[in-house]
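Peer 1: You'll find target.txt just under this line, and it carries compact mmCIF, C-alpha atoms.
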```
# COMPACT_ATOMS: atom_id res chain seq x y z
CA MET A 274 95.45 86.66 139.01
CA VAL A 275 95.99 90.39 139.29
CA THR A 276 94.29 91.98 142.27
CA THR A 277 94.62 95.32 144.01
CA ARG A 278 93.43 96.72 147.30
CA SER A 279 93.36 100.46 147.71
CA ARG A 280 91.99 103.30 149.80
CA LYS A 281 91.32 106.92 148.99
CA ASP A 282 92.28 109.50 151.60
CA THR A 283 90.69 112.83 152.43
CA SER A 284 91.73 115.51 149.97
CA ASP A 285 94.15 118.19 151.13
CA ASP A 286 92.16 120.84 149.27
CA GLU A 287 88.92 121.04 147.38
CA ALA A 288 89.27 121.46 143.62
CA PRO A 289 87.10 123.99 141.78
CA ALA A 290 84.41 122.53 139.56
CA ALA A 291 85.78 121.74 136.11
CA LYS A 292 84.27 123.83 133.34
CA ARG A 293 86.31 122.43 130.47
CA MET A 294 85.61 119.35 128.40
CA LYS A 295 87.24 116.28 129.94
CA ILE A 296 88.95 113.84 127.59
CA GLU A 297 87.50 110.35 127.97
CA THR A 298 89.73 107.37 128.71
CA VAL A 299 89.55 103.87 127.23
CA GLU A 300 90.61 100.40 128.35
CA TYR A 301 94.13 99.31 127.53
CA ASN A 302 95.17 95.67 127.95
CA PRO A 303 97.95 94.69 125.54
CA PRO A 304 98.17 91.00 124.61
CA HIS A 305 100.71 88.75 126.29
CA SER A 306 101.79 85.12 126.44
CA VAL A 307 103.69 82.92 128.85
CA PHE A 308 106.59 82.88 126.42
CA THR A 309 106.91 86.66 126.24
CA ASP A 310 106.40 86.94 130.00
CA MET A 311 109.28 84.55 130.61
CA GLN A 312 111.53 86.70 128.44
CA VAL A 313 110.69 89.76 130.54
CA LEU A 314 111.12 87.89 133.81
CA ARG A 315 114.53 86.63 132.72
CA ALA A 316 115.62 90.20 132.05
CA MET A 317 114.24 91.36 135.40
CA TRP A 318 115.48 88.50 137.57
CA PHE A 319 118.93 88.25 136.01
CA PRO A 320 119.75 91.83 135.07
CA ASN A 321 123.12 92.68 133.59
CA ILE A 322 123.15 96.33 134.58
CA LYS A 323 126.31 98.08 133.53
CA GLY A 324 127.61 101.42 132.35
CA ASP A 325 129.19 104.54 133.78
CA THR A 326 126.15 106.81 133.37
CA HIS A 327 122.58 106.53 134.57
CA GLN A 328 121.41 106.38 130.96
CA ASP A 329 123.78 103.53 130.15
CA GLN A 330 122.60 101.58 133.18
CA LEU A 331 118.94 102.05 132.25
CA GLU A 332 119.59 101.01 128.66
CA SER A 333 121.48 97.87 129.72
CA PHE A 334 118.47 96.85 131.83
CA TYR A 335 115.68 97.64 129.37
CA LYS A 336 117.17 96.97 125.93
CA SER A 337 116.42 93.23 125.86
CA GLN A 338 112.84 93.70 127.08
CA ALA A 339 111.81 97.06 125.59
CA HIS A 340 109.63 95.51 122.87
CA LEU A 341 107.80 93.45 125.51
CA TYR A 342 107.69 96.14 128.19
CA ASP A 343 103.99 96.99 127.91
CA SER A 344 102.61 93.45 127.78
CA TYR A 345 104.07 92.58 131.18
CA ARG A 346 104.20 95.93 132.97
CA CYS A 347 100.48 96.61 132.45
CA ARG A 348 99.80 93.76 134.94
CA MET A 349 102.41 95.00 137.40
CA LEU A 350 102.18 98.80 137.40
CA HIS A 351 98.74 99.01 138.96
CA GLY A 352 98.87 102.75 139.64
CA ARG A 353 98.78 103.79 136.00
CA LYS A 354 95.10 103.14 135.37
CA PRO A 355 93.83 105.05 138.45
CA LEU A 356 96.34 107.81 137.68
CA VAL A 357 94.95 108.33 134.19
CA LYS A 358 91.37 108.20 135.43
CA ALA A 359 92.08 110.71 138.21
CA MET A 360 94.18 113.24 136.30
CA PRO A 361 92.26 116.25 134.96
CA ALA A 362 92.82 115.91 131.22
CA ASN A 363 90.82 118.40 129.19
CA LYS A 364 90.40 119.12 125.50
CA GLY A 365 93.12 121.42 124.20
CA ASP A 366 95.57 120.68 127.04
CA VAL A 367 99.34 120.45 126.70
CA TRP A 368 100.48 117.25 128.45
CA VAL A 369 104.06 116.31 129.32
CA ASP A 370 104.75 112.73 130.44
CA LEU A 371 108.16 112.76 132.17
CA GLY A 372 109.81 109.35 132.36
CA GLY A 373 107.12 108.21 129.93
CA GLY A 374 109.02 105.16 128.66
CA THR A 375 107.28 103.51 125.72
CA GLY A 376 104.43 106.03 125.73
CA SER A 377 101.96 103.42 126.95
CA ASN A 378 100.12 105.96 129.13
CA LEU A 379 98.83 107.51 125.94
CA GLU A 380 97.03 104.27 125.08
CA PHE A 381 94.57 104.91 127.91
CA PHE A 382 93.10 107.67 125.75
CA GLY A 383 93.08 105.77 122.45
CA GLU A 384 92.14 108.00 119.54
CA ASN A 385 91.00 110.61 122.07
CA ILE A 386 94.69 111.48 122.42
CA LYS A 387 94.09 113.75 119.43
CA ALA A 388 91.96 115.98 121.68
CA PHE A 389 95.12 117.21 123.40
CA LYS A 390 96.73 120.26 121.83
CA LYS A 391 100.16 118.73 122.36
CA VAL A 392 101.63 115.67 124.11
CA ILE A 393 105.34 115.30 124.85
CA VAL A 394 106.76 112.00 126.10
CA VAL A 395 110.22 112.32 127.68
CA ASP A 396 112.45 109.41 128.66
CA LEU A 397 116.15 108.80 129.19
CA THR A 398 116.27 105.22 127.86
CA PRO A 399 116.93 104.97 124.09
CA SER A 400 115.29 101.56 123.58
CA LEU A 401 112.07 102.65 125.33
CA VAL A 402 112.03 105.90 123.39
CA GLU A 403 112.36 103.96 120.16
CA VAL A 404 109.27 101.90 121.05
CA ALA A 405 107.40 105.12 121.86
CA LYS A 406 108.34 106.64 118.50
CA GLU A 407 107.20 103.50 116.69
CA ARG A 408 103.88 103.67 118.54
CA VAL A 409 103.30 107.30 117.66
CA GLU A 410 104.16 106.73 114.01
CA ALA A 411 101.95 103.64 113.74
CA LYS A 412 99.01 105.44 115.35
CA LYS A 413 99.57 108.59 113.28
CA TRP A 414 99.39 110.77 116.39
CA THR A 415 100.61 113.99 114.79
CA ASN A 416 100.21 116.00 118.02
CA VAL A 417 102.65 113.76 119.95
CA ASP A 418 106.40 114.27 120.25
CA VAL A 419 108.83 111.81 121.83
CA VAL A 420 111.98 113.27 123.35
CA LEU A 421 115.09 111.41 124.46
CA GLY A 422 116.47 113.14 127.51
CA ASP A 423 116.73 113.64 131.24
CA ALA A 424 113.63 114.64 133.23
CA THR A 425 115.82 116.95 135.33
CA ASP A 426 117.26 118.84 132.34
CA THR A 427 115.75 122.33 132.24
CA LYS A 428 117.39 123.04 128.86
CA LEU A 429 116.29 119.81 127.16
CA GLU A 430 115.43 120.46 123.52
CA GLY A 431 111.83 119.54 122.80
CA LEU A 432 110.36 120.60 126.13
CA PRO A 433 107.67 123.30 126.08
CA GLU A 434 108.41 126.78 127.36
CA PRO A 435 108.23 127.21 131.15
CA GLY A 436 104.76 127.99 132.44
CA THR A 437 102.91 126.60 129.40
CA VAL A 438 102.01 123.02 130.42
CA ASP A 439 98.49 122.17 131.57
CA LEU A 440 99.18 118.63 132.76
CA LEU A 441 102.36 116.82 133.74
CA THR A 442 102.63 113.17 134.75
CA ILE A 443 105.40 111.04 136.25
CA SER A 444 104.45 107.37 136.48
CA TYR A 445 106.79 104.77 137.95
CA ALA A 446 109.82 106.94 137.23
CA LEU A 447 110.51 108.91 140.41
CA THR A 448 111.95 105.82 142.12
CA MET A 449 114.44 105.46 139.24
CA ILE A 450 115.67 109.07 139.13
CA PRO A 451 118.67 109.62 141.44
CA ASN A 452 118.09 113.38 141.76
CA TRP A 453 114.31 113.09 141.80
CA LYS A 454 113.75 116.41 143.55
CA ASP A 455 115.29 118.13 140.52
CA ALA A 456 112.78 116.32 138.28
CA LEU A 457 109.93 117.65 140.41
CA ALA A 458 111.42 121.16 140.32
CA ASN A 459 111.56 120.92 136.53
CA ALA A 460 107.95 119.74 136.48
CA LYS A 461 106.84 122.69 138.56
CA ARG A 462 108.80 125.03 136.27
CA LEU A 463 106.98 123.73 133.20
CA LEU A 464 103.47 123.97 134.64
CA LYS A 465 101.35 127.02 133.93
CA PRO A 466 99.52 128.70 136.84
CA GLY A 467 96.67 126.37 137.68
CA GLY A 468 98.37 123.45 135.93
CA HIS A 469 98.19 119.92 137.32
CA ILE A 470 100.77 117.30 138.22
CA ALA A 471 99.84 113.62 138.64
CA ILE A 472 102.25 111.01 139.96
CA CYS A 473 102.15 107.28 140.74
CA ASP A 474 104.88 104.89 141.83
CA PHE A 475 105.85 102.05 144.10
CA THR A 476 106.38 102.96 147.74
CA VAL A 477 106.71 101.66 151.28
CA ASP A 478 104.13 102.43 153.92
CA SER A 479 103.73 102.30 157.68
CA THR A 480 100.88 99.80 157.26
CA GLN A 481 103.45 97.21 156.16
CA TRP A 482 105.42 94.97 158.47
CA SER A 483 109.03 96.05 158.83
CA PHE A 484 110.21 92.93 157.05
CA SER A 485 107.87 93.64 154.14
CA GLN A 486 109.32 97.13 153.74
CA PHE A 487 112.85 95.75 153.85
CA PHE A 488 112.00 92.97 151.38
CA TRP A 489 110.51 95.22 148.69
CA LYS A 490 113.20 97.89 149.04
CA LYS A 491 115.95 95.28 148.75
CA LEU A 492 114.30 93.47 145.83
CA PHE A 493 113.67 96.57 143.73
CA ALA A 494 117.09 98.04 144.48
CA SER A 495 118.68 95.18 142.53
CA ASP A 496 117.02 96.70 139.43
CA HIS A 497 118.03 100.25 140.42
CA VAL A 498 114.50 101.09 141.61
CA PHE A 499 114.68 102.76 145.01
CA LEU A 500 111.50 102.71 147.08
CA SER A 501 111.21 105.40 149.74
CA ALA A 502 108.48 106.91 151.90
CA GLU A 503 110.26 110.24 151.42
CA HIS A 504 108.75 110.63 147.94
CA ARG A 505 105.19 110.83 149.27
CA GLU A 506 106.23 113.02 152.22
CA TYR A 507 107.96 115.48 149.88
CA LEU A 508 105.01 115.55 147.49
CA LYS A 509 102.58 116.20 150.34
CA ALA A 510 104.71 119.08 151.60
CA ASN A 511 105.31 120.71 148.21
CA PHE A 512 102.33 119.86 145.99
CA PRO A 513 98.77 120.40 147.28
CA CYS A 514 96.60 117.39 146.50
CA VAL A 515 92.96 116.76 145.59
CA HIS A 516 93.30 113.03 144.96
CA THR A 517 95.49 110.59 146.83
CA GLU A 518 95.29 106.84 146.74
CA LEU A 519 97.26 104.02 148.31
CA GLY A 520 96.99 100.50 146.92
CA TYR A 521 98.62 97.09 147.07
CA GLY A 522 99.32 95.35 143.77
CA THR A 523 100.27 91.82 142.83
CA PHE A 524 102.78 90.64 140.23
CA PRO A 525 102.32 88.05 137.47
CA TYR A 526 103.51 84.57 138.50
CA VAL A 527 104.10 85.70 142.09
CA PRO A 528 101.89 84.36 144.93
CA TRP A 529 99.06 86.82 145.60
CA LEU A 530 100.16 87.30 149.21
CA PHE A 531 103.21 89.21 147.93
CA LYS A 532 101.82 92.67 147.24
CA CYS A 533 103.79 95.88 146.97
CA PRO A 534 102.27 99.26 147.87
CA PHE A 535 101.79 101.93 145.23
CA TYR A 536 100.42 105.44 145.44
CA VAL A 537 98.62 107.92 143.20
CA ARG A 538 98.62 111.69 143.80
CA CYS A 539 97.04 114.43 141.70
CA THR A 540 97.24 118.17 142.36
CA PRO A 541 94.37 120.62 141.91
```
Let me see the file written as structure tokens.
Peer 2:
Amino acid sequence: MVTTRSRKDTSDDEAPAAKRMKIETVEYNPPHSVFTDMQVLRAMWFPNIKGDTHQDQLESFYKSQAHLYDSYRCRMLHGRKPLVKAMPANKGDVWVDLGGGTGSNLEFFGENIKAFKKVIVVDLTPSLVEVAKERVEAKKWTNVDVVLGDATDTKLEGLPEPGTVDLLTISYALTMIPNWKDALANAKRLLKPGGHIAICDFTVDSTQWSFSQFFWKKLFASDHVFLSAEHREYLKANFPCVHTELGYGTFPYVPWLFKCPFYVRCTP
């Protein structure tokens, strides 16, 4: 059973009252089966990560599970739903989803995704990008573009002009980006004055036992996911926040006592 335990902290700043029309979210729970779950678990537990570049390493990990990514990850990446509910998405916004993978975050808006002026999903992994493109084509989301590229690349073709983005999200990607501070700098560059950034990811926290922190860091590192408290500390120092949340999420087929922390942060 999937369970989460979370707390909301005091906001760093108070956000001004929203005057624009908020885009409503919907429920998103893709179907799954034990058979498909076992395929994903095999790819996760026995990864054959190889390649000279970061992109090659990502592709070698995700290629065999890309088409099943959403059905399993939706019960593991517990921060995505509260992220989408907390982020200030308004009609006519330009939204960039850096490290957006298969584009599954868009599903939390359903057909309301058409209320955005433009949505750009950026990811470095070809197999995940292919799934995202198939999703967009099947849904006939004409206002959505999917871009294959690096979240740190300021000259990436397909990105909006600097200072033109209303909303930028990074969900469960910061821990997989070696030069993650460059990704955040690129995010800040893209945002317009008054724009918003919303981030969620796995983390480690002082409320955990030392062994628990070591366990999760070691386990995720085998899949090239690097948990660090520095991410949250850097975000707190560089991005003022109106919503912050810390939770503990379970994993399918793993005893419920084994819960990994995740966080959600949204700027004003």
Peer 1: What's the separation between CA of Ala456 in chain A and CA of Phe512 in chain A, in Å to one decimal place?
Peer 2: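 Answer for the CA of Ala456 in chain A to CA of Phe512 in chain A separation: 13.5 Å.
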Peer 1: For a test of reading the model, state the distance in Å between CA of Gly467 in chain A and CA of Cys514 in chain A, rounded to one decimal.
Peer 2: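 Result for CA of Gly467 in chain A versus CA of Cys514 in chain A: 12.6 Å, one decimal.
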Peer 1: Let me make sure I understand: among A:Val498, A:Ile322, A:Leu401, A:Ile296, which one has the smallest atom-to-atom distance to Phe381 in chain A if we use all atoms listed in the file?
Peer 2: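 Nearest candidate to Phe381 in chain A out of A:Val498, A:Ile322, A:Leu401, A:Ile296: A:Ile296.
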Peer 1: Show which residues sit within 10 Å of Glu300 in chain A, as a PDB file with C-alpha atoms, keeping the file's coordinate frame. Count all atoms listed in the file, and ignore same-chain residues fewer than 5 positions away.
Peer 2:
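After the write, selection.pdb holds the following:
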```
ATOM      1  CA  LYS A 354      95.100 103.140 135.370  1.00  0.00           C
ATOM      2  CA  GLU A 380      97.030 104.270 125.080  1.00  0.00           C
ATOM      3  CA  PHE A 381      94.570 104.910 127.910  1.00  0.00           C
ATOM      4  CA  PHE A 382      93.100 107.670 125.750  1.00  0.00           C
ATOM      5  CA  GLY A 383      93.080 105.770 122.450  1.00  0.00           C
TER       6      GLY A 383
END
```
Peer 1: Can you work out which one of A:Ser495, A:Thr540, A:Thr298, A:Thr448 has the shortest atom-to-atom distance to Val515 in chain A, counting all atoms listed in the file?
Peer 2: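 When distances to Val515 in chain A are compared using all atoms listed in the file, the smallest one comes from A:Thr540.
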Peer 1: For the point (99.7, 119.2, 130.0) in file coordinates, what residues are within 12 Å, counting all atoms listed in the file? Give the answer as a PyMOL selection string?
Peer 2: chain A and resi 360-371+386+388-394+417+432-443+460-461+463-471
Peer 1: Pick out the closest residue to Tyr507 in chain A from this set: A:Leu447, A:Asp310, A:Arg353, A:Val299. Count all atoms listed in the file.
Peer 2: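 Closest to Tyr507 in chain A, using all atoms listed in the file: A:Leu447.
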Peer 1: Please identify all polymer residues lying at most 10 Å from the point (116.1, 111.9, 138.3) (file coordinates), using all atoms listed in the file, and present the result as a PyMOL selection string.
Peer 2: chain A and resi 327+372+397+423-426+446-457
Peer 1: Return the padded bounding box of range 338-341 of chain A as JSON: axis-aligned, built from all atoms listed in the file, 4 Å added on each side, with centre and edge lengths in Å to one decimal.
Peer 2:
```
{"center_x": 110.3, "center_y": 95.3, "center_z": 125.0, "size_x": 13.0, "size_y": 11.6, "size_z": 12.2}
```
Peer 1: Taking all atoms listed in the file into account, name the residue in A:Trp529, A:Phe524, A:Phe484, A:Trp414 that is nearest to Arg346 in chain A.
Peer 2: A:Phe524
Peer 1: How many Å lie between CA of Ala405 in chain A and CA of Asp343 in chain A, rounded to one decimal?
Peer 2: 10.7 Å
Peer 1: Pick out the residues sitting within 10 Å of Trp318 in chain A, and hand them over as a PyMOL selection string; count all atoms listed in the file, and ignore anything fewer than 5 positions along from it in its own chain.
Peer 2: chain A and resi 313+492+495-496
